[in-house]
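What follows is a single structure, written as structure tokens, with notes after it.
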Amino acid sequence: MESPGSVGVVTPRIERFDEPFGLACGAVLPGYQLIMETYGTLNSEGSNAVLICHALSGNHHAAGCHTTEDRKPGWWDNLIGPGKPIDTNRFFVVSLNNLGGCDGSTGPKSINPLTGNAWGPDFPEVTVEDWVNSQRALANRLGISRWAVVIGGSLGGMQALHWAVHYPDEVANCAVLAAAPRLTAQNIAFNEIARHAIISDPEWFEGYYDKQEKAPVRGLALARMVGHLTYMSAEGMTDKFGRERRYVDENNDDQIFEVESYLRHQGARFSTRFDANTYLLMTRALDNFDIAARSNGNLSDALAPIRARMLIVSFSSDWRFSPARSREMVDALINTGKTVSYAEIETDGGHDAFLLNEAHYLDLMQAWLSRVST
Amino acid sequence: MMRFDLTRITDWVPMGSRVLDLGCGDGEFLARLEAARDATTLGIELDTANITAAAANGIAVVQQDMDRGLDNFPDQSFDVVVMAHALQVLHRPHGVLEDMVRIGKEAIITFPNFGHWRCRLHLGLLGRMPVSRVLPFDWYDTPNIHFCTVKDFEALCAELGIKILDHDIVSGPGTNVLKSFAPNLFGSTAIYRVCKK
């Protein structure tokens with residue numbers, strides 16, 4: 001499905017790293033691989049590279065299609081492509097699946113070379129810091145010493161922020177969308193409900209479900225239903241579903257609410273595509289993220305090293321990471337005299353709005369990115 | 001050609017200043033100020049379309065309602081805080097003025113002078129609230145809720161402990177001489193450079 005402004009058919013590629021990789025938790029991965037896609041062309045100075053950081057359940061497939069028959073393009077196809085805000089005529093875009101993922105990068109489904117078995121639940125805990133460090137190894141491999149832009153939404157925004165703070169000379173521009181400097185107790189609680197759904201599934205088998213040739217699909221579906229609910233706003237749900245009902249299926253006269261049908265569908269689809277161990281690991285990384293942890297919770301001190309031109313964007317109906325959470329970061333950046341732009345996009349789209357086609361949002365991204373020098 | 005009050009602001013901003021613009025609009029003025037005065041700037045703006053326009057002009061812009069306070073800006077963190085033609089739309093102009101001289105080493109404010117003879121004529125002879133090319137709104141449907149005159153502004157500055165460093169006035173054609181001895185009568189736009197006493 002190629003449309004104007006699409007990067008077209010893309011093929012993921014794998015970069016293998018054979019040197020041992022130390023993780024924040026103290027564990028050492030003997031080696032790892034990262035699967036990625038790139039769009040556009042790296043210029044001779046290597047100064048036009050954009051790093052896309054994905055959110056909780058995202059992956060490397062951010063734009064274009066894998067075959068001409070694909071029904072759906074990559075998850076950020078509305079932002080990435082020729083003439084789009086992340087303009088592939090100007091930028092060389094790098095999008096990878098993070099370490100611990102289940103879409104081709106080293107993760108719980110990969111074989112642990114020390115045991116010859118899949119890691120499963122024994123895959124070491126990973127953090128945003130580990131992701132950024134592995135992304136840095138990838139940048140080095142690609143000949144990129146400084147990103148023109150590091151950008152991400154939600155958990156992806158946290159990676160972008162970590163980049164700007166910890167590698168200030170390697171990030172020229174940084175966009176943090178629908179994110180927060182750390183999770184609240186309520187945020188963590190929702191993640192815990194999701195994790196509990198998974199580990200309560202009779203087919204969880206302490207995470208060794210693959211050995212039993214089973215999978216905790218009901219638990220994973222429930223986890224996704226809860227998660228998905230927190231990505232939408234009440235107004236958006238009323239608009240989309242209201243109290244409409246539909247038949248369960250053609251052979252059945254029973255009716256259910258549209259919203260029930262939608263959540264069931266989302267849960268079922270996710271549970272067959274995603275790995276339960278990865279879901280646990282990703283939600284833990286989210287819970288543990290705290291950009292100010294090393295500065296006694298003082299966000300201004302934490303963000304003081306930043307040298308990048310910053311863009312913070314929040315969405316009015318996002319209650320998972322509300323505009324107030326973005327303002328915390330904006331105020332800390334103002335407090336330390338950083339170059340920062342901020343907008344709160346008016347939308348019913350909830351937390352997921354950073355993935356949606358809100359005109360104001362896309363216009364702002366286009367405007368801000370147009371001033372990135374390459 | 002740039003609006004006269006904006007030209008005057010540019011003249012009053014020292015080279016290499018850090019400048020905060022309250023109500024920066026599409027950011028074009030700040031872009032010119034950056035070029036002309038080698039300034040580092042930040043704009044505050046409420047309107048989404050203006051924020052996008054400012055971003056397209058390469059201006060750092062933060063969406064914020066200055067009427068709800070500017071507590072997130074540290075004391076004396078900018079060399080100059082500018083506010084052009086926004087005083088009259090604020091709910092608490094006195095609070096914003098205090099914020100301006102707290103945040104900036106200096107502040108520059110421009111506003112339409114309601115003491116201008118045309119306004120007085122409208123009210124005094126016609127008995128109607130003034131409507132003009134510059135102030136085209138009817139009294140019941142206008143963003144301009146807090147008009148003041150040059151004298152009112154100076155009285156407020158005295159009350160708030162704000163020192164007037166410099167002032168200028170824009171007048172209509174042919175009234176250049178008149179405005180110098182009766183600015184409150186012949187000035188249409190007032191321009192003040194102030195700081196904390």
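The chains in the structure tokens are called A, B, ... from first to last as shown; in each chain the residues are counted from 1, and the ligands are counted from 1 in the order shown.
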
Taking only C-alpha atoms into account, report as a ChimeraX atom specification which residues of chain A lie within 12 Å of chain B.
-> /A:85,300,309-314,323-324,326-346,359-373

Given only C-alpha atoms as the counted atoms, nearest of A:Cys25, A:Ala221, A:Leu96, A:Leu177 to Tyr262 (chain A) =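 The shortest atom-to-atom distance to Tyr262 (chain A) comes from A:Ala221.
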
Polymer residues at most 8 Å from Asp352 (chain A), only C-alpha atoms, same-chain spacing of 3 or more positions, as a PyMOL selection string | chain A and resi 231-232+318+349+355-356

Could you pull the residues within 12 Å of Arg3 (chain B), counting only C-alpha atoms, minus those fewer than 5 positions along the same chain, as a list of chain:residue names?
->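 The neighbour list is B:Arg8, B:Ile9, B:Thr10, B:Glu28, B:Phe29, B:Ala84, B:His85, B:Thr110, B:Val170, B:Thr189.
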
Once you have the residues from the selection above, write them out as an mmCIF file, in the first residue's frame, restricted to N, CA and C atoms.
```cif
data_model
loop_
_atom_site.group_PDB
_atom_site.id
_atom_site.type_symbol
_atom_site.label_atom_id
_atom_site.label_comp_id
_atom_site.auth_asym_id
_atom_site.auth_seq_id
_atom_site.Cartn_x
_atom_site.Cartn_y
_atom_site.Cartn_z
ATOM 1 N N ARG B 8 11.241 50.667 18.236
ATOM 2 C CA ARG B 8 11.745 51.290 19.459
ATOM 3 C C ARG B 8 12.229 50.215 20.445
ATOM 4 N N ILE B 9 11.451 49.126 20.592
ATOM 5 C CA ILE B 9 11.873 48.038 21.487
ATOM 6 C C ILE B 9 13.239 47.515 21.040
ATOM 7 N N THR B 10 13.373 47.286 19.737
ATOM 8 C CA THR B 10 14.643 46.772 19.201
ATOM 9 C C THR B 10 15.793 47.696 19.595
ATOM 10 N N GLU B 28 7.743 36.579 14.572
ATOM 11 C CA GLU B 28 8.525 37.312 13.571
ATOM 12 C C GLU B 28 9.352 38.422 14.189
ATOM 13 N N PHE B 29 8.753 39.099 15.197
ATOM 14 C CA PHE B 29 9.490 40.167 15.859
ATOM 15 C C PHE B 29 10.740 39.607 16.566
ATOM 16 N N ALA B 84 4.364 43.614 24.052
ATOM 17 C CA ALA B 84 3.897 44.619 23.103
ATOM 18 C C ALA B 84 2.399 44.459 22.865
ATOM 19 N N HIS B 85 1.647 45.518 23.170
ATOM 20 C CA HIS B 85 0.215 45.550 22.882
ATOM 21 C C HIS B 85 -0.544 44.363 23.477
ATOM 22 N N THR B 110 4.552 48.086 25.686
ATOM 23 C CA THR B 110 3.854 49.041 24.827
ATOM 24 C C THR B 110 2.345 48.796 24.939
ATOM 25 N N VAL B 170 4.011 56.976 20.322
ATOM 26 C CA VAL B 170 3.732 57.003 18.886
ATOM 27 C C VAL B 170 2.514 57.890 18.686
ATOM 28 N N THR B 189 0.171 55.175 20.881
ATOM 29 C CA THR B 189 0.767 54.004 21.512
ATOM 30 C C THR B 189 1.896 54.451 22.433
#
```

Would you mind listing what lies within 7 Å of region 160-169 of chain A as a count of residues only, with only C-alpha atoms counted and same-chain residues fewer than 5 positions away left out?
-> 14

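These are the residues of region 100-234 of chain A assigned strand (DSSP E or B) by DSSP from backbone coordinates: A:Ile111, A:Ala118, A:Trp147, A:Val149, A:Val150, A:Ile151, A:Gly152, A:Gly153, A:Val171, A:Asn173, A:Cys174, A:Ala175, A:Val176, A:Leu177, A:Arg182.
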
Point-to-point distance from CA of Leu114 (chain A) to CA of Asn133 (chain A), Å rounded to tenths |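 So the answer is 22.8 Å.
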
If we count only C-alpha atoms and set the cut-off at 12 Å, which residues sit around Arg118 (chain B), ignoring sequence neighbours fewer than 4 positions away in its own chain? Please answer as a PDB file with N, CA and C atoms, in the first residue's frame.
```
ATOM      1  N   PRO B 112      -1.835  50.673  23.870  1.00  0.00           N
ATOM      2  CA  PRO B 112      -2.577  51.781  23.257  1.00  0.00           C
ATOM      3  C   PRO B 112      -2.979  52.769  24.355  1.00  0.00           C
ATOM      4  N   ASN B 113      -2.717  54.045  24.101  1.00  0.00           N
ATOM      5  CA  ASN B 113      -3.021  55.078  25.097  1.00  0.00           C
ATOM      6  C   ASN B 113      -4.486  55.497  24.988  1.00  0.00           C
ATOM      7  N   PHE B 114      -5.244  55.183  26.030  1.00  0.00           N
ATOM      8  CA  PHE B 114      -6.681  55.499  26.013  1.00  0.00           C
ATOM      9  C   PHE B 114      -6.937  56.981  26.280  1.00  0.00           C
ATOM     10  N   HIS B 122     -14.331  60.707  21.248  1.00  0.00           N
ATOM     11  CA  HIS B 122     -15.376  59.699  21.150  1.00  0.00           C
ATOM     12  C   HIS B 122     -16.248  59.687  22.386  1.00  0.00           C
ATOM     13  N   LEU B 123     -15.576  59.636  23.542  1.00  0.00           N
ATOM     14  CA  LEU B 123     -16.287  59.505  24.797  1.00  0.00           C
ATOM     15  C   LEU B 123     -16.904  60.839  25.212  1.00  0.00           C
ATOM     16  N   GLY B 124     -16.096  61.924  25.057  1.00  0.00           N
ATOM     17  CA  GLY B 124     -16.510  63.235  25.561  1.00  0.00           C
ATOM     18  C   GLY B 124     -17.612  63.866  24.733  1.00  0.00           C
ATOM     19  N   LEU B 125     -17.496  63.788  23.423  1.00  0.00           N
ATOM     20  CA  LEU B 125     -18.479  64.467  22.584  1.00  0.00           C
ATOM     21  C   LEU B 125     -19.591  63.533  22.123  1.00  0.00           C
ATOM     22  N   LEU B 126     -19.166  62.319  21.668  1.00  0.00           N
ATOM     23  CA  LEU B 126     -20.179  61.391  21.154  1.00  0.00           C
ATOM     24  C   LEU B 126     -20.845  60.596  22.266  1.00  0.00           C
ATOM     25  N   ARG B 128     -19.825  57.806  23.344  1.00  0.00           N
ATOM     26  CA  ARG B 128     -19.743  56.376  23.029  1.00  0.00           C
ATOM     27  C   ARG B 128     -18.331  55.867  23.304  1.00  0.00           C
ATOM     28  N   MET B 129     -18.208  54.580  23.623  1.00  0.00           N
ATOM     29  CA  MET B 129     -16.887  53.980  23.785  1.00  0.00           C
ATOM     30  C   MET B 129     -16.156  54.039  22.445  1.00  0.00           C
ATOM     31  N   PRO B 130     -14.861  54.407  22.495  1.00  0.00           N
ATOM     32  CA  PRO B 130     -14.117  54.596  21.250  1.00  0.00           C
ATOM     33  C   PRO B 130     -13.989  53.314  20.425  1.00  0.00           C
ATOM     34  N   VAL B 131     -14.225  53.449  19.113  1.00  0.00           N
ATOM     35  CA  VAL B 131     -13.938  52.385  18.158  1.00  0.00           C
ATOM     36  C   VAL B 131     -13.122  53.028  17.050  1.00  0.00           C
ATOM     37  N   SER B 132     -11.990  52.431  16.732  1.00  0.00           N
ATOM     38  CA  SER B 132     -11.116  53.032  15.715  1.00  0.00           C
ATOM     39  C   SER B 132     -10.459  51.936  14.896  1.00  0.00           C
ATOM     40  N   ARG B 133      -9.596  52.367  13.973  1.00  0.00           N
ATOM     41  CA  ARG B 133      -8.868  51.400  13.147  1.00  0.00           C
ATOM     42  C   ARG B 133      -7.954  50.535  14.034  1.00  0.00           C
ATOM     43  N   VAL B 134      -7.331  51.180  15.025  1.00  0.00           N
ATOM     44  CA  VAL B 134      -6.411  50.471  15.913  1.00  0.00           C
ATOM     45  C   VAL B 134      -7.186  49.630  16.936  1.00  0.00           C
ATOM     46  N   LEU B 135      -8.305  50.168  17.400  1.00  0.00           N
ATOM     47  CA  LEU B 135      -9.111  49.467  18.408  1.00  0.00           C
ATOM     48  C   LEU B 135     -10.499  49.230  17.819  1.00  0.00           C
ATOM     49  N   SER B 171       2.588  58.745  17.697  1.00  0.00           N
ATOM     50  CA  SER B 171       1.436  59.633  17.486  1.00  0.00           C
ATOM     51  C   SER B 171       0.996  59.585  16.039  1.00  0.00           C
ATOM     52  N   GLY B 172      -0.136  60.195  15.796  1.00  0.00           N
ATOM     53  CA  GLY B 172      -0.669  60.242  14.440  1.00  0.00           C
ATOM     54  C   GLY B 172       0.119  61.238  13.596  1.00  0.00           C
ATOM     55  N   ASN B 184      -0.024  62.372  26.728  1.00  0.00           N
ATOM     56  CA  ASN B 184      -1.251  61.650  27.090  1.00  0.00           C
ATOM     57  C   ASN B 184      -2.419  62.050  26.198  1.00  0.00           C
ATOM     58  N   LEU B 185      -2.255  63.188  25.521  1.00  0.00           N
ATOM     59  CA  LEU B 185      -3.332  63.673  24.658  1.00  0.00           C
ATOM     60  C   LEU B 185      -3.088  63.294  23.195  1.00  0.00           C
ATOM     61  N   PHE B 186      -1.813  63.295  22.799  1.00  0.00           N
ATOM     62  CA  PHE B 186      -1.512  63.104  21.376  1.00  0.00           C
ATOM     63  C   PHE B 186      -0.806  61.777  21.048  1.00  0.00           C
ATOM     64  N   GLY B 187      -0.471  61.019  22.065  1.00  0.00           N
ATOM     65  CA  GLY B 187       0.188  59.729  21.810  1.00  0.00           C
ATOM     66  C   GLY B 187      -0.835  58.620  21.635  1.00  0.00           C
ATOM     67  N   SER B 188      -0.707  57.831  20.581  1.00  0.00           N
ATOM     68  CA  SER B 188      -1.659  56.723  20.381  1.00  0.00           C
ATOM     69  C   SER B 188      -1.130  55.420  20.995  1.00  0.00           C
TER      70      SER B 188
END
```

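Minimum atom-to-atom distance to Asn59 (chain A), evaluated using only C-alpha atoms, belongs to A:Phe274 out of A:Tyr32, A:Tyr209, A:Phe274, A:Phe21.
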
Would you kindly return, as a short mmCIF file (atom, residue, chain, number, x, y, z; two decimals) with C-alpha atoms, in the first residue's frame, each protein, DNA or RNA residue with an atom no farther than 9 Å from any atom of Gly161 (chain B), considering only C-alpha atoms and excluding same-chain residues fewer than 5 positions away?
```cif
data_model
loop_
_atom_site.label_atom_id
_atom_site.label_comp_id
_atom_site.auth_asym_id
_atom_site.auth_seq_id
_atom_site.Cartn_x
_atom_site.Cartn_y
_atom_site.Cartn_z
CA GLU B 98 5.29 42.86 38.67
CA LEU B 156 0.45 52.16 38.56
CA CYS B 195 12.76 48.16 36.06
CA LYS B 196 12.29 47.37 39.72
CA LYS B 197 13.09 50.28 42.04
#
```

Please report, as a PyMOL selection string, each residue of region 186-290 of chain A to which DSSP assigns helix (DSSP H, G or I) when run on this structure's backbone.
-> chain A and resi 186-199+205-207+217-231+234-240+258-273+276-288

To one decimal in Å, tell me the separation between CA of Ala148 (chain A) and CA of Ala49 (chain A).
->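 A separation of 5.3 Å between them.
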